[in-house]
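What follows is the content of upload.pdb, which has PDB, C-alpha atoms and all ligand atoms:
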```
ATOM      1  CA  MET A 243     -18.009  14.970  12.513
ATOM      2  CA  LYS A 244     -19.738  11.783  11.542
ATOM      3  CA  VAL A 245     -18.451   8.310  12.401
ATOM      4  CA  GLN A 246     -19.738   5.165  10.771
ATOM      5  CA  ILE A 247     -19.070   1.872  12.574
ATOM      6  CA  MET A 248     -19.783  -1.248  10.538
ATOM      7  CA  THR A 249     -20.127  -4.764  11.908
ATOM      8  CA  ASP A 250     -20.508  -8.214  10.405
ATOM      9  CA  THR A 251     -21.869 -10.015  13.392
ATOM     10  CA  TRP A 252     -23.521 -13.413  13.770
ATOM     11  CA  TYR A 253     -23.931 -13.579  17.556
ATOM     12  CA  GLY A 254     -23.811  -9.905  18.539
ATOM     13  CA  ASN A 255     -20.228  -9.724  19.821
ATOM     14  CA  GLY A 256     -19.209  -7.339  17.047
ATOM     15  CA  LYS A 257     -22.170  -5.124  17.927
ATOM     16  CA  LEU A 258     -21.260  -5.058  21.621
ATOM     17  CA  LEU A 259     -17.724  -4.113  20.696
ATOM     18  CA  ALA A 260     -18.989  -1.360  18.374
ATOM     19  CA  GLU A 261     -21.158   0.009  21.188
ATOM     20  CA  ALA A 262     -18.197   0.043  23.582
ATOM     21  CA  LEU A 263     -16.163   1.977  20.999
ATOM     22  CA  LYS A 264     -19.019   4.424  20.492
ATOM     23  CA  GLU A 265     -19.085   5.227  24.216
ATOM     24  CA  GLU A 266     -15.559   6.633  24.063
ATOM     25  CA  PHE A 267     -16.403   9.361  21.552
ATOM     26  CA  SER A 268     -17.618  12.766  22.645
ATOM     27  CA  ASN A 269     -21.383  13.288  22.681
ATOM     28  CA  GLU A 270     -21.147  15.901  19.957
ATOM     29  CA  ILE A 271     -20.047  13.309  17.451
ATOM     30  CA  ASP A 272     -22.686  11.637  15.352
ATOM     31  CA  ILE A 273     -22.003   7.882  15.489
ATOM     32  CA  ASN A 274     -23.922   5.329  13.582
ATOM     33  CA  ILE A 275     -23.572   1.542  13.989
ATOM     34  CA  THR A 276     -24.848  -0.761  11.242
ATOM     35  CA  ASP A 277     -24.125  -4.197   9.857
ATOM     36  CA  VAL A 278     -22.730  -4.885   6.379
ATOM     37  CA  LYS A 279     -25.660  -7.276   5.898
ATOM     38  CA  ASP A 280     -28.167  -4.477   6.507
ATOM     39  CA  VAL A 281     -26.844  -1.450   4.695
ATOM     40  CA  SER A 282     -25.445  -0.988   1.216
ATOM     41  CA  PRO A 283     -22.263   1.013   0.621
ATOM     42  CA  LYS A 284     -24.368   3.252  -1.640
ATOM     43  CA  LYS A 285     -26.507   4.304   1.299
ATOM     44  CA  ILE A 286     -23.419   5.186   3.346
ATOM     45  CA  VAL A 287     -21.990   7.270   0.500
ATOM     46  CA  GLU A 288     -25.201   9.322   0.268
ATOM     47  CA  ASP A 289     -24.447  10.831   3.676
ATOM     48  CA  VAL A 290     -20.722  10.258   3.660
ATOM     49  CA  PRO A 291     -19.039   9.948   7.097
ATOM     50  CA  ASN A 292     -15.703  11.516   8.051
ATOM     51  CA  VAL A 293     -14.585   8.312   9.734
ATOM     52  CA  ILE A 294     -15.219   4.653   9.031
ATOM     53  CA  ILE A 295     -14.516   1.832  11.473
ATOM     54  CA  LEU A 296     -15.035  -1.391   9.582
ATOM     55  CA  GLY A 297     -15.629  -4.423  11.761
ATOM     56  CA  GLY A 298     -15.555  -8.078  10.827
ATOM     57  CA  ALA A 299     -14.850 -11.528  12.206
ATOM     58  CA  ILE A 300     -12.440 -14.335  11.438
ATOM     59  CA  ARG A 301     -14.473 -17.353  10.398
ATOM     60  CA  MET A 302     -13.238 -20.565   8.838
ATOM     61  CA  PHE A 303      -9.715 -19.126   8.761
ATOM     62  CA  ARG A 304     -10.838 -16.217   6.620
ATOM     63  CA  GLY A 305     -10.511 -12.639   7.779
ATOM     64  CA  ALA A 306     -13.756 -10.735   7.321
ATOM     65  CA  PRO A 307     -14.425 -11.593   3.657
ATOM     66  CA  LYS A 308     -17.860  -9.958   3.705
ATOM     67  CA  SER A 309     -16.545  -6.711   5.167
ATOM     68  CA  LYS A 310     -13.707  -6.662   2.639
ATOM     69  CA  LYS A 311     -16.168  -7.112  -0.212
ATOM     70  CA  TRP A 312     -18.370  -4.361   1.218
ATOM     71  CA  LEU A 313     -15.307  -2.087   1.457
ATOM     72  CA  LYS A 314     -14.417  -2.713  -2.167
ATOM     73  CA  GLN A 315     -17.913  -1.709  -3.251
ATOM     74  CA  LEU A 316     -17.808   1.297  -0.955
ATOM     75  CA  ASN A 317     -14.578   2.483  -2.535
ATOM     76  CA  LYS A 318     -15.979   2.101  -6.059
ATOM     77  CA  ILE A 319     -19.044   4.163  -5.197
ATOM     78  CA  LEU A 320     -16.928   6.800  -3.468
ATOM     79  CA  GLU A 321     -14.761   7.008  -6.596
ATOM     80  CA  LYS A 322     -17.791   7.529  -8.798
ATOM     81  CA  SER A 323     -19.204  10.223  -6.560
ATOM     82  CA  GLY A 324     -15.843  11.890  -5.932
ATOM     83  CA  LYS A 325     -16.485  11.812  -2.176
ATOM     84  CA  LYS A 326     -13.802  10.861   0.302
ATOM     85  CA  ILE A 327     -13.712   9.487   3.836
ATOM     86  CA  GLN A 328     -10.969  11.144   5.876
ATOM     87  CA  TYR A 329     -10.056   8.403   8.344
ATOM     88  CA  GLY A 330     -10.395   4.653   8.488
ATOM     89  CA  THR A 331      -9.677   1.770  10.775
ATOM     90  CA  GLY A 332     -11.125  -1.634  11.512
ATOM     91  CA  PHE A 333     -11.574  -4.444  13.976
ATOM     92  CA  LEU A 334     -11.646  -8.224  13.862
ATOM     93  CA  THR A 335     -13.276 -10.494  16.409
ATOM     94  CA  HIS A 336     -11.846 -14.000  16.643
ATOM     95  CA  SER A 337     -11.558 -17.039  18.886
ATOM     96  CA  MET A 338      -7.995 -18.057  18.040
ATOM     97  CA  PRO A 339      -5.247 -16.756  20.335
ATOM     98  CA  THR A 340      -4.332 -13.134  19.663
ATOM     99  CA  ASN A 341      -0.799 -13.951  18.501
ATOM    100  CA  LYS A 342      -2.267 -16.160  15.775
ATOM    101  CA  VAL A 343      -4.363 -13.389  14.240
ATOM    102  CA  GLN A 344      -1.756 -10.679  13.668
ATOM    103  CA  GLY A 345      -1.363 -11.651  10.004
ATOM    104  CA  TYR A 346      -5.124 -11.392   9.527
ATOM    105  CA  ALA A 347      -5.120  -7.948  11.128
ATOM    106  CA  LYS A 348      -2.266  -6.811   8.919
ATOM    107  CA  ARG A 349      -3.957  -8.014   5.736
ATOM    108  CA  TYR A 350      -7.214  -6.417   6.819
ATOM    109  CA  ARG A 351      -5.442  -3.116   7.393
ATOM    110  CA  ASN A 352      -3.836  -3.373   3.952
ATOM    111  CA  LYS A 353      -7.291  -3.633   2.377
ATOM    112  CA  ILE A 354      -8.432  -0.463   4.125
ATOM    113  CA  GLU A 355      -5.228   1.306   3.179
ATOM    114  CA  LYS A 356      -5.660   0.230  -0.446
ATOM    115  CA  ALA A 357      -9.102   1.846  -0.576
ATOM    116  CA  SER A 358      -8.063   5.006  -2.411
ATOM    117  CA  MET A 359     -11.044   7.078  -1.250
ATOM    118  CA  ILE A 360     -10.175   6.591   2.419
ATOM    119  CA  GLU A 361      -7.561   9.254   2.919
ATOM    120  CA  ALA A 362      -5.740   7.980   6.017
ATOM    121  CA  THR A 363      -5.705   4.547   7.632
ATOM    122  CA  TYR A 364      -4.759   4.141  11.279
ATOM    123  CA  SER A 365      -1.485   2.302  11.874
ATOM    124  CA  LYS A 366      -3.067  -0.547  13.828
ATOM    125  CA  MET A 367      -6.221  -2.632  13.640
ATOM    126  CA  LEU A 368      -8.111  -3.712  16.732
ATOM    127  CA  THR A 369      -8.506  -7.419  17.458
ATOM    128  CA  ALA A 370     -10.886  -8.749  20.118
ATOM    129  CA  ARG A 371     -10.897 -12.352  21.213
ATOM    130  CA  VAL A 372     -14.077 -14.211  22.130
ATOM    131  CA  LYS A 373     -14.100 -17.106  24.616
ATOM    132  CA  SER A 374     -16.016 -19.306  22.193
ATOM    133  CA  SER A 375     -17.682 -18.740  18.829
ATOM    134  CA  LYS A 376     -20.793 -17.280  20.413
ATOM    135  CA  GLY A 377     -18.816 -15.139  22.823
ATOM    136  CA  PRO A 378     -18.481 -13.372  25.067
ATOM    137  CA  ILE A 379     -15.506 -11.162  24.334
ATOM    138  CA  TYR A 380     -12.877 -11.527  27.103
ATOM    139  CA  THR A 381     -13.130  -8.695  29.654
ATOM    140  CA  GLU A 382      -9.501  -7.713  29.143
ATOM    141  CA  GLU A 383     -10.104  -7.536  25.393
ATOM    142  CA  MET A 384     -12.910  -5.035  25.978
ATOM    143  CA  GLU A 385     -10.498  -2.947  28.051
ATOM    144  CA  LYS A 386      -7.932  -3.167  25.272
ATOM    145  CA  ALA A 387     -10.616  -1.987  22.830
ATOM    146  CA  ARG A 388     -11.377   1.088  24.937
ATOM    147  CA  ASP A 389      -7.691   2.023  25.079
ATOM    148  CA  TYR A 390      -7.355   1.409  21.376
ATOM    149  CA  ILE A 391     -10.211   3.714  20.433
ATOM    150  CA  LYS A 392      -8.971   6.447  22.766
ATOM    151  CA  GLU A 393      -5.681   6.397  20.851
ATOM    152  CA  PHE A 394      -7.542   6.401  17.574
ATOM    153  CA  ILE A 395      -9.649   9.402  18.666
ATOM    154  CA  ALA A 396      -6.454  11.232  19.647
ATOM    155  CA  TRP A 397      -5.025  10.431  16.217
ATOM    156  CA  ILE A 398      -7.972  11.891  14.326
ATOM    157  CA  GLY A 399      -7.709  14.889  16.612
ATOM    158  CA  LYS A 400     -11.203  14.805  18.073
TER     159      LYS A 400
HETATM  160  C1  LIG A 501     -18.473 -21.124  11.355
HETATM  161  C2  LIG A 501     -17.479 -20.400  12.221
HETATM  162  C3  LIG A 501     -16.143 -20.476  11.931
HETATM  163  C4  LIG A 501     -15.197 -19.833  12.740
HETATM  164  N1  LIG A 501     -13.873 -19.905  12.424
HETATM  165  C5  LIG A 501     -12.976 -19.200  13.160
HETATM  166  C6  LIG A 501     -11.595 -19.197  12.806
HETATM  167  O1  LIG A 501     -11.157 -19.790  11.823
HETATM  168  N2  LIG A 501     -10.744 -18.480  13.584
HETATM  169  C7  LIG A 501     -11.177 -17.765  14.674
HETATM  170  O2  LIG A 501     -10.353 -17.131  15.331
HETATM  171  N3  LIG A 501     -12.473 -17.763  15.026
HETATM  172  C8  LIG A 501     -13.374 -18.444  14.296
HETATM  173  N4  LIG A 501     -14.700 -18.408  14.633
HETATM  174  C9  LIG A 501     -15.137 -17.599  15.782
HETATM  175  C10 LIG A 501     -15.645 -16.251  15.316
HETATM  176  O3  LIG A 501     -14.575 -15.406  15.108
HETATM  177  C11 LIG A 501     -16.642 -15.685  16.347
HETATM  178  O4  LIG A 501     -17.813 -16.465  16.294
HETATM  179  C12 LIG A 501     -16.965 -14.242  16.067
HETATM  180  O5  LIG A 501     -15.832 -13.436  16.150
HETATM  181  C13 LIG A 501     -17.990 -13.753  17.078
HETATM  182  O6  LIG A 501     -18.412 -12.468  16.721
HETATM  183  P1  LIG A 501     -19.907 -12.184  16.286
HETATM  184  O7  LIG A 501     -20.797 -12.536  17.447
HETATM  185  O8  LIG A 501     -19.915 -10.695  16.042
HETATM  186  O9  LIG A 501     -20.235 -12.948  15.057
HETATM  187  C14 LIG A 501     -15.647 -19.078  13.862
HETATM  188  C15 LIG A 501     -17.004 -18.999  14.127
HETATM  189  C16 LIG A 501     -17.918 -19.640  13.335
HETATM  190  C17 LIG A 501     -19.380 -19.526  13.674
END
```

As structure tokens, how would this structure be written, given the file I've shared?
Amino acid sequence: MKVQIMTDTWYGNGKLLAEALKEEFSNEIDINITDVKDVSPKKIVEDVPNVIILGGAIRMFRGAPKSKKWLKQLNKILEKSGKKIQYGTGFLTHSMPTNKVQGYAKRYRNKIEKASMIEATYSKMLTARVKSSKGPIYTEEMEKARDYIKEFIAWIGK
């Protein structure tokens, strides 16, 4: 079982969140964390993961445009190669109040669901609020993230 966690981080909050998620998986699972700025979708498809967790941030009232673009390319390359990813989910970091970002989370989930080569998308995206643009992520949001990923792990059956 191979899990790929992607981030699009400016100040490292997305990476810290990814690392917290990684900790919840069993040691037998191969988990790789990389940033959409550092790795091409093509590279990921070469050694295709079973699970993708696609992170991003809300910036200038836009929900993870870079991650969405990366996902679109990923799906195209998967289509060409005929390879599929079994499970997908995603997370968004943000500074706006959580109740103001539910629409963003829903639209982000729709993008992952629309990616035809990702076979199953989890019902809920993770959102994690930062105290200010540079962070940190609120403590209770980190706790929420750990609970979220435990549920996700149960869903994929690992
Ligand atoms: C230029 C800029 C614009 C931002 N605009 C928003 C915004 O519209 N809504 C929001 O909730 N957070 C906004 N933020 C806060 C980011 O969501 C926050 O910096 C990011 O989630 C932190 O994660 P990172 O360290 O992984 O980049 C903005 C941050 C920057 C730097």

Enclose all atoms of segment 347-351 of chain A listed in the file in an axis-aligned box, grow every side by 4 Å, and hand back centre and edge lengths in Å to one decimal, as AutoDock Vina command-line options.
```
--center_x -4.7 --center_y -5.6 --center_z 8.4 --size_x 12.9 --size_y 12.9 --size_z 13.4
```

Correct to one decimal, the distance atom CA of Gly324 of chain A-atom CA of Glu361 of chain A is 12.4 Å

Target residues per the PyMOL selection byres (((not hetatm)) within 9 of (chain A and resi 501)), formatted as a PDB file with C-alpha atoms, in the frame of the given file:
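Heads up, here's the output in expr-v8.pdb:
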```pdb
ATOM      1  CA  THR A 249     -20.127  -4.764  11.908  1.00  0.00           C
ATOM      2  CA  ASP A 250     -20.508  -8.214  10.405  1.00  0.00           C
ATOM      3  CA  THR A 251     -21.869 -10.015  13.392  1.00  0.00           C
ATOM      4  CA  TRP A 252     -23.521 -13.413  13.770  1.00  0.00           C
ATOM      5  CA  TYR A 253     -23.931 -13.579  17.556  1.00  0.00           C
ATOM      6  CA  GLY A 254     -23.811  -9.905  18.539  1.00  0.00           C
ATOM      7  CA  ASN A 255     -20.228  -9.724  19.821  1.00  0.00           C
ATOM      8  CA  GLY A 256     -19.209  -7.339  17.047  1.00  0.00           C
ATOM      9  CA  LYS A 257     -22.170  -5.124  17.927  1.00  0.00           C
ATOM     10  CA  LEU A 258     -21.260  -5.058  21.621  1.00  0.00           C
ATOM     11  CA  LEU A 259     -17.724  -4.113  20.696  1.00  0.00           C
ATOM     12  CA  GLY A 297     -15.629  -4.423  11.761  1.00  0.00           C
ATOM     13  CA  GLY A 298     -15.555  -8.078  10.827  1.00  0.00           C
ATOM     14  CA  ALA A 299     -14.850 -11.528  12.206  1.00  0.00           C
ATOM     15  CA  ILE A 300     -12.440 -14.335  11.438  1.00  0.00           C
ATOM     16  CA  ARG A 301     -14.473 -17.353  10.398  1.00  0.00           C
ATOM     17  CA  MET A 302     -13.238 -20.565   8.838  1.00  0.00           C
ATOM     18  CA  PHE A 303      -9.715 -19.126   8.761  1.00  0.00           C
ATOM     19  CA  ARG A 304     -10.838 -16.217   6.620  1.00  0.00           C
ATOM     20  CA  GLY A 305     -10.511 -12.639   7.779  1.00  0.00           C
ATOM     21  CA  LEU A 334     -11.646  -8.224  13.862  1.00  0.00           C
ATOM     22  CA  THR A 335     -13.276 -10.494  16.409  1.00  0.00           C
ATOM     23  CA  HIS A 336     -11.846 -14.000  16.643  1.00  0.00           C
ATOM     24  CA  SER A 337     -11.558 -17.039  18.886  1.00  0.00           C
ATOM     25  CA  MET A 338      -7.995 -18.057  18.040  1.00  0.00           C
ATOM     26  CA  PRO A 339      -5.247 -16.756  20.335  1.00  0.00           C
ATOM     27  CA  THR A 340      -4.332 -13.134  19.663  1.00  0.00           C
ATOM     28  CA  LYS A 342      -2.267 -16.160  15.775  1.00  0.00           C
ATOM     29  CA  VAL A 343      -4.363 -13.389  14.240  1.00  0.00           C
ATOM     30  CA  ALA A 370     -10.886  -8.749  20.118  1.00  0.00           C
ATOM     31  CA  ARG A 371     -10.897 -12.352  21.213  1.00  0.00           C
ATOM     32  CA  VAL A 372     -14.077 -14.211  22.130  1.00  0.00           C
ATOM     33  CA  LYS A 373     -14.100 -17.106  24.616  1.00  0.00           C
ATOM     34  CA  SER A 374     -16.016 -19.306  22.193  1.00  0.00           C
ATOM     35  CA  SER A 375     -17.682 -18.740  18.829  1.00  0.00           C
ATOM     36  CA  LYS A 376     -20.793 -17.280  20.413  1.00  0.00           C
ATOM     37  CA  GLY A 377     -18.816 -15.139  22.823  1.00  0.00           C
ATOM     38  CA  PRO A 378     -18.481 -13.372  25.067  1.00  0.00           C
ATOM     39  CA  ILE A 379     -15.506 -11.162  24.334  1.00  0.00           C
TER      40      ILE A 379
END
```

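Restricting the calculation to only C-alpha atoms, the smallest distance between Ala387 of chain A and any of A:Ala260, A:Ile327, A:Val293, A:Ile247 is found for A:Ala260.
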
For the structure provided, state which residues fall under the PyMOL selection byres (((chain A and resi 274) around 8) and not hetatm), and present them as a ChimeraX atom specification. /A:244-247,272-273,275-276

Within 8 Å of Ser282 of chain A, counting only C-alpha atoms, which residues show up once you throw out same-chain ones fewer than 4 positions away? Write them as a PDB file with C-alpha atoms, keeping the file's coordinate frame, please.
```pdb
ATOM      1  CA  VAL A 278     -22.730  -4.885   6.379  1.00  0.00           C
ATOM      2  CA  ILE A 286     -23.419   5.186   3.346  1.00  0.00           C
ATOM      3  CA  TRP A 312     -18.370  -4.361   1.218  1.00  0.00           C
TER       4      TRP A 312
END
```

Choose the residue, out of A:Leu368, A:Ala306, A:Ile294, A:Ile319, that has the smallest atom-to-atom separation from Lys386 of chain A; count all atoms listed in the file.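 Closest candidate: A:Leu368.
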
What would the selection look like, as a VMD selection string, if the PyMOL selection byres (((chain A and resi 354) around 8) and not hetatm) were run on the coordinates I just shared? chain A and resid 313 330 to 332 350 to 353 355 to 357 360 363

Shortest contact to Ser323 of chain A, candidates A:Arg349, A:Arg388, A:Lys284, A:Lys264, atoms counted all atoms listed in the file, goes to A:Lys284

Quote the spacing between atom CA of Lys348 of chain A and atom CA of Asp280 of chain A in Å to one decimal place.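 It comes out at 26.1 Å.
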
Atomic distance atom CA of Glu261 of chain A - atom CA of Met248 of chain A, expressed in Å with one decimal: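 Between atom CA of Glu261 of chain A and atom CA of Met248 of chain A the gap works out to 10.8 Å.
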
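When all atoms listed in the file are used to measure the gap to Ile295 of chain A, the shortest distance among A:Leu320, A:Leu263, A:Met384, A:Ala396 belongs to A:Leu263.
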
Taking only C-alpha atoms into account, name the residue in A:Lys325, A:Leu316, A:Phe267, A:Ile398 that is nearest to Lys285 of chain A. A:Leu316

Option closest in space to Asn292 of chain A, from A:Lys318, A:Met359, A:Lys392, A:Thr369 [counting all atoms listed in the file]: A:Met359
